[in-house]
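Colleague: Would you mind keeping the following structure in view while I ask a few things?
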Amino acid sequence: MDYVLEARNIDKHFHKPKDFHVLRDITFGVKKGEFATIMGKSGSGKSTLLYILSTMDTDYTGALYLNHELVTGKTHQQLSRIRNKNIGFVFQFHYLLSEFSVLENVMLPAKKLAEKTNAQIEKDALQKLEMLHIGHLADQRASRISGGEKQRVAIARALINDPTILMGDEPTGNLDSHNSENVFNIFKNLKEEQGLSLLVVTHDEDFAKRTDRIIQMEDGMILNP
Amino acid sequence: MINWSVILGIAKTHLLTKMKSTGTATLGVTFGIGAYITLVSFMTGLNGMLDDLILNQTPHIHIYNEIRPSDHQPISLYGEFKDAFNMVHSIKPKQNQKKIHNALPILDYLKKHPNVKGATPQLRAQIFYLSGSIELGGNLVGVDIMEEVRLSNIQDNIVEGTPEALKNNDSGILLGAGLAKKMSLHVGDRVQISTVYGNIFPLKIVGIYQSGIAEIDDSQSFANLKTVQRILGEAENYVTDINIKLVDIAQAVPMARQLETQFKTKAIDINQANAQFETGSNIRNLITYAVSITLLIVAGFGIYNILNMLIYEKMKDIAILKATGFSGRDVQLIFMAQAMIIGFVGGILGLLIGFVLSRAIDHAPFETEALPTITTYPVNYNPAYYIIGITFALLSTFIAGYLPSNRARKMDPVKIIRGT
């Protein structure tokens with residue numbers, strides 16, 4: 001099967017305050033163009049899994065493949081590069097750099113990647129902002145815009161390097177229903193119009209029901225692999 | 001791969017948006033370095049002036065005949081009492097001439113020596129200055145005045161009159177400033193001097209000499225060598241002292257020893273003559289450096305503190321940067337760049353402030369009886385201190401920035417994002 005992201009036999013322990021087996025033998029994959037959600041109760045290990053899949057957490061056993069390439073065991077330097085190029089991430093709390101303008105926030109990952117000229121990056125960033133209907137905010141300071149707008153800026157930032165997969169850790173968890181709907185529609189459009197793969201951790205059942213696939217987690221295991 | 005423009009851009013934004021902290025940290029460095037430059041310039045300037053004051057008056061090697069008892073009393077040469085216990089009471093100094101034997105050939109020899117910049121003969125005579133019925137004891141030093149001008153800073157100490165006036169006047173005298181004051185004498189007046197044998201000579205005052213050391217100014221005057229020889233009724237080869245200036249002062253000690261054995265006289269080198277003085281200079285330097293380094297370390301701690309706080313405030317930013325693909329090293333470089341910018345800007349400003357303060361001190365009036373040639377405080381503008389200053393600024397900010405930025409490098413983004 002054509003998995004964009006694939007996890008094989010992933011196990012993880014928390015060592016503090018005492019040994020706790022948080023993820024047990026997780027094996028699953030996300031297909032290209034698939035919009036998947038992970039659901040589960042608090043403490044079921046869904047966020048922990050997401051951070052392993054995002055390559056930020058390297059303290060696990062098992063194997064992780066991104067675009068059929070083994071990611072497990074690479075150096076931090078290489079992982080940073082992979083995150084930069086292939087993974088877009090949206091957090092529950094907007095997490096923008098508040099001293100920078102909206103446009104600079106969106107441009108930053110692309111500047112780090114340094115595959116395009118600054119003018120090209122700026123054009124791309126403006127285009128992403130337009131796509132999310134927040135082009136008029138480009139020159140505002142990131143600390144001066146509303147919560148819903150911040151989340152859309154964060155999505156624009158996640159998309160700037162045209163990633164293979166977009167991950168979200170409760171991206172609507174901190175938004176009202178109107179803005180949640182907005183974010184869902186954005187995700188839906190990204191999948192349908194650009195064939196982007198999405199993997200979102202959420203508590204919101206209405207949100208999850210409308211996606212392609214729900215991965216249910218409990219006690220560190222996937223119930224419907 | 002390090003993308004400097006992005007890293008410096010982020011560092012710049014951080015610094016500019018936290019202008020208050022940036023300013024405080026920069027000022028910390030500025031004052032540290034500024035105080036260091038000012039202090040070190042002033043202290044070394046002062047040391048240099050004191051060195052000059054003493055050292056220029058001291059010849060590198062001073063040759064004279066020492067009055068002392070014989071090393072071996074005659075009885076020790078007498079074989080029959082070899083094993084006896086001899087006691088000699090009231091030993092007197094050996095009967096000796098004050099003059100240096102063969103002074104003129106010695107002078108010739110010295111003047112041809114490659115390491116000798118100049119050698120001047122002197123004749124020191126005990127005399128009395130007569131002022132009415134009052135007799136003031138003192139010295140009259142016969143010198144070759146133009147040679148002295150060439151080799152020492154005597155010209156700086158002639159506060160009235162000129163050396164040439166003494167050279168041209170066969171019965172002229174450069175009177176000590178203290179003596180002139182005591183006897184109410186001025187340039188152009190006549191002073192009577194009397195030798196220890198009671199011969200009285202009138203001399204014309206052609207200048208006033210002030211060394212700054214009261215003891216000397218109250219007793220010592222200068223006249224031409226020939227004049228003093230004539231007053232004492234001695235021949236032209238009668239010289240009691242020879243002062244030598246060397247090209248390489250480091251050779252003073254071995255050369256003094258060599259001259260002692262070669263000419264059977266006493267030769268004092270500059271280190272012997274100024275041993276205590278050297279100690280004083282060293283201790284002053286030590287204090288200067290101790291204070292300077294303390295200032296710089298305090299500035300370093302200021303930077304450390306502020307960067308630490310900055311990184312604490314920016315934890316979430318660090319997590320975002322790492323999540324969006326910046327590596328730990330990129331994050332460390334962002335904070336290191338901030339530290340180094342603070343160090344560089346603060347250091348340069350510090351050098352400027354140090355220079356301005358040094359100029360101010362340099363122009364502050366400093367007039368004292370003791371130092372006739374000095375009108376303002378001495379300052380040493382040695383570029384080496386400026387290089388040391390900026391180097392230390394960069395070094396201390398590097399260390400102060402390294403520790404917190406290393407913490408930022410190692411920070412786990414997941415922990416911050418998940419709030420655990």
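Within each chain, counting starts at residue 1; across the structure tokens, chains are named A, B, ... in the order shown, with ligands numbered 1 upward in that order.
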According to DSSP computed on the backbone, where in region 130-304 of chain B is there helix (DSSP H, G or I)? Give the residues as a VMD selection string.

Modeller: chain B and resid 145 to 151 154 to 157 163 to 168 177 to 182 214 to 217 225 to 232 249 to 263 270 to 273 275 to 304

Colleague: Among region 22-214 of chain A, which ones does DSSP assign to strand (DSSP E) (computed from the backbone)? Answer as a PyMOL selection string.

Modeller: chain A and resi 22-31+35-40+61-66+69-70+87-90+165-169+197-201+213-214

Colleague: Grab the CA of Tyr129 (chain B) to CA of Leu166 (chain B) distance for me, in Å with one decimal place.

Modeller: 18.4 Å

Colleague: What's around region 122-132 of chain A at 9 Å? Count only C-alpha atoms, leave out sequence neighbours fewer than 2 positions away in its own chain, and write the answer as a list in words.

Modeller: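 Near neighbours after the sequence-gap exclusion: Leu103, Glu104, Val106, Met107, Ala110, Thr117, Asn118, Ala119, Gln120, Ile134, Gly135, His136, Leu137, Ala138, Arg152, Val153, Ile155, Ala156, Arg157, Leu159, Ile160 and Ile186 of chain A.
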
Colleague: Export, as a PDB file, in the first residue's frame, the selected residues with N, CA and C atoms.

Modeller:
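Saved the output as again-v9.pdb:
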ATOM      1  N   LEU A 103       3.476  37.848   8.152  1.00  0.00           N
ATOM      2  CA  LEU A 103       4.180  37.402   6.952  1.00  0.00           C
ATOM      3  C   LEU A 103       5.518  36.739   7.310  1.00  0.00           C
ATOM      4  N   GLU A 104       6.255  37.363   8.234  1.00  0.00           N
ATOM      5  CA  GLU A 104       7.556  36.795   8.628  1.00  0.00           C
ATOM      6  C   GLU A 104       7.378  35.424   9.275  1.00  0.00           C
ATOM      7  N   VAL A 106       5.128  33.242   8.623  1.00  0.00           N
ATOM      8  CA  VAL A 106       4.859  32.255   7.577  1.00  0.00           C
ATOM      9  C   VAL A 106       6.128  31.961   6.780  1.00  0.00           C
ATOM     10  N   MET A 107       6.942  32.994   6.568  1.00  0.00           N
ATOM     11  CA  MET A 107       8.140  32.833   5.729  1.00  0.00           C
ATOM     12  C   MET A 107       9.280  32.061   6.396  1.00  0.00           C
ATOM     13  N   ALA A 110      10.471  28.534   5.427  1.00  0.00           N
ATOM     14  CA  ALA A 110      10.990  28.501   4.056  1.00  0.00           C
ATOM     15  C   ALA A 110      12.369  29.133   3.981  1.00  0.00           C
ATOM     16  N   THR A 117      14.437  31.884  -3.412  1.00  0.00           N
ATOM     17  CA  THR A 117      14.902  33.233  -3.078  1.00  0.00           C
ATOM     18  C   THR A 117      13.902  33.880  -2.134  1.00  0.00           C
ATOM     19  N   ASN A 118      14.350  34.933  -1.454  1.00  0.00           N
ATOM     20  CA  ASN A 118      13.483  35.616  -0.505  1.00  0.00           C
ATOM     21  C   ASN A 118      12.232  36.164  -1.190  1.00  0.00           C
ATOM     22  N   ALA A 119      12.400  36.692  -2.396  1.00  0.00           N
ATOM     23  CA  ALA A 119      11.263  37.257  -3.111  1.00  0.00           C
ATOM     24  C   ALA A 119      10.250  36.161  -3.420  1.00  0.00           C
ATOM     25  N   GLN A 120      10.752  35.006  -3.840  1.00  0.00           N
ATOM     26  CA  GLN A 120       9.892  33.868  -4.162  1.00  0.00           C
ATOM     27  C   GLN A 120       9.128  33.411  -2.917  1.00  0.00           C
ATOM     28  N   ILE A 134      -6.605  35.557   4.701  1.00  0.00           N
ATOM     29  CA  ILE A 134      -6.045  36.462   5.711  1.00  0.00           C
ATOM     30  C   ILE A 134      -4.889  37.277   5.126  1.00  0.00           C
ATOM     31  N   GLY A 135      -4.931  37.452   3.820  1.00  0.00           N
ATOM     32  CA  GLY A 135      -3.875  38.220   3.150  1.00  0.00           C
ATOM     33  C   GLY A 135      -3.752  39.639   3.675  1.00  0.00           C
ATOM     34  N   HIS A 136      -4.876  40.202   4.115  1.00  0.00           N
ATOM     35  CA  HIS A 136      -4.856  41.593   4.587  1.00  0.00           C
ATOM     36  C   HIS A 136      -4.107  41.737   5.915  1.00  0.00           C
ATOM     37  N   LEU A 137      -3.828  40.601   6.594  1.00  0.00           N
ATOM     38  CA  LEU A 137      -3.154  40.686   7.900  1.00  0.00           C
ATOM     39  C   LEU A 137      -1.634  40.611   7.790  1.00  0.00           C
ATOM     40  N   ALA A 138      -1.143  40.434   6.561  1.00  0.00           N
ATOM     41  CA  ALA A 138       0.271  40.091   6.362  1.00  0.00           C
ATOM     42  C   ALA A 138       1.248  40.964   7.155  1.00  0.00           C
ATOM     43  N   ARG A 152      -5.142  30.272  11.610  1.00  0.00           N
ATOM     44  CA  ARG A 152      -5.021  30.221  10.147  1.00  0.00           C
ATOM     45  C   ARG A 152      -3.604  30.606   9.699  1.00  0.00           C
ATOM     46  N   VAL A 153      -3.012  31.549  10.409  1.00  0.00           N
ATOM     47  CA  VAL A 153      -1.617  31.892  10.097  1.00  0.00           C
ATOM     48  C   VAL A 153      -0.730  30.678  10.346  1.00  0.00           C
ATOM     49  N   ILE A 155      -1.564  27.612  10.133  1.00  0.00           N
ATOM     50  CA  ILE A 155      -1.752  26.646   9.036  1.00  0.00           C
ATOM     51  C   ILE A 155      -0.961  27.096   7.807  1.00  0.00           C
ATOM     52  N   ALA A 156      -1.021  28.375   7.505  1.00  0.00           N
ATOM     53  CA  ALA A 156      -0.253  28.903   6.372  1.00  0.00           C
ATOM     54  C   ALA A 156       1.232  28.611   6.559  1.00  0.00           C
ATOM     55  N   ARG A 157       1.717  28.792   7.810  1.00  0.00           N
ATOM     56  CA  ARG A 157       3.129  28.516   8.072  1.00  0.00           C
ATOM     57  C   ARG A 157       3.434  27.031   7.854  1.00  0.00           C
ATOM     58  N   LEU A 159       2.126  25.134   5.825  1.00  0.00           N
ATOM     59  CA  LEU A 159       2.041  24.758   4.405  1.00  0.00           C
ATOM     60  C   LEU A 159       3.151  25.361   3.550  1.00  0.00           C
ATOM     61  N   ILE A 160       3.921  26.272   4.104  1.00  0.00           N
ATOM     62  CA  ILE A 160       4.803  27.097   3.278  1.00  0.00           C
ATOM     63  C   ILE A 160       5.813  26.280   2.487  1.00  0.00           C
ATOM     64  N   ILE A 186     -10.840  24.341   5.815  1.00  0.00           N
ATOM     65  CA  ILE A 186      -9.506  24.557   5.225  1.00  0.00           C
ATOM     66  C   ILE A 186      -8.815  23.217   5.010  1.00  0.00           C
TER      67      ILE A 186
END

Colleague: Find the residues of chain B in contact range of chain A, meaning any atom within 12 Å when counting only C-alpha atoms, and list them as a PyMOL selection string.

Modeller: chain B and resi 1-18+313-331+409-420

Colleague: At a cut-off of 9 Å, using only C-alpha atoms, what residues contact region 188-195 of chain B? Leave out same-chain residues fewer than 3 positions from it and give the result as a ChimeraX atom specification.

Modeller: /B:125-131,135,173,175,185,198-207,231-232

Colleague: Would you mind listing what lies within 10 Å of Gln57 (chain B) as a PDB file with C-alpha atoms, in the first residue's frame, with only C-alpha atoms counted and same-chain residues fewer than 4 positions away left out?

Modeller:
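Below you can see result_5.pdb, which holds the result:
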ATOM      1  CA  ASP B  51      58.878  55.937  36.566  1.00  0.00           C
ATOM      2  CA  ASP B  52      60.144  58.811  34.451  1.00  0.00           C
ATOM      3  CA  LEU B  53      60.408  61.068  37.453  1.00  0.00           C
ATOM      4  CA  LEU B 151      71.213  62.164  28.278  1.00  0.00           C
ATOM      5  CA  SER B 152      68.772  63.102  31.025  1.00  0.00           C
ATOM      6  CA  ASN B 153      65.676  65.199  31.515  1.00  0.00           C
ATOM      7  CA  ILE B 154      67.554  67.930  33.373  1.00  0.00           C
ATOM      8  CA  SER B 211      63.554  68.354  40.472  1.00  0.00           C
TER       9      SER B 211
END

Colleague: List as a PyMOL selection string the protein and nucleic acid residues near Ser177 (chain A), meaning an atom at most 12 Å away when only C-alpha atoms are counted, but skip any in the same chain fewer than 6 places from it.

Modeller: chain A and resi 148+183-184+204+206-207

Colleague: I need the residues from that last selection saved to file as a short mmCIF file (atom, residue, chain, number, x, y, z; two decimals), in the first residue's frame (with C-alpha atoms), if you can.

Modeller:
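Output (out-v7.cif):
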data_model
loop_
_atom_site.label_atom_id
_atom_site.label_comp_id
_atom_site.auth_asym_id
_atom_site.auth_seq_id
_atom_site.Cartn_x
_atom_site.Cartn_y
_atom_site.Cartn_z
CA GLY A 148 -9.00 32.21 14.83
CA VAL A 183 -10.30 25.23 10.13
CA PHE A 184 -12.04 21.99 9.22
CA ASP A 204 -14.01 16.78 18.76
CA ASP A 206 -18.12 16.08 15.02
CA PHE A 207 -14.80 17.04 13.51
#

Colleague: Between CA of Thr22 (chain B) and CA of Gly343 (chain B), what is the spacing in Å?

Modeller: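 One can read the CA of Gly343 (chain B) to CA of Thr22 (chain B) distance as 10.5 Å.
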
Colleague: Find, counting only C-alpha atoms, the residue in A:Lys74, A:Gly220, A:Val201, A:Arg144 that gets nearest to His13 (chain A).

Modeller: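 Ranking A:Lys74, A:Gly220, A:Val201, A:Arg144 by distance to His13 (chain A), first place goes to A:Gly220.
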
Colleague: Show which residues sit within 12 Å of region 263-279 of chain B, as a PyMOL selection string. Count only C-alpha atoms, and ignore same-chain residues fewer than 4 positions away.

Modeller: chain B and resi 47-48+50-68+96-103+105-107+109-110+240-246+249-259+283-286

Colleague: Looking at A:Ala208, A:Ala7, A:Leu66, A:Ile165, which one is nearest to Glu181 (chain A), with distances taken over only C-alpha atoms?

Modeller: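 Once distances to Glu181 (chain A) are computed over only C-alpha atoms, the minimum belongs to A:Ala208.
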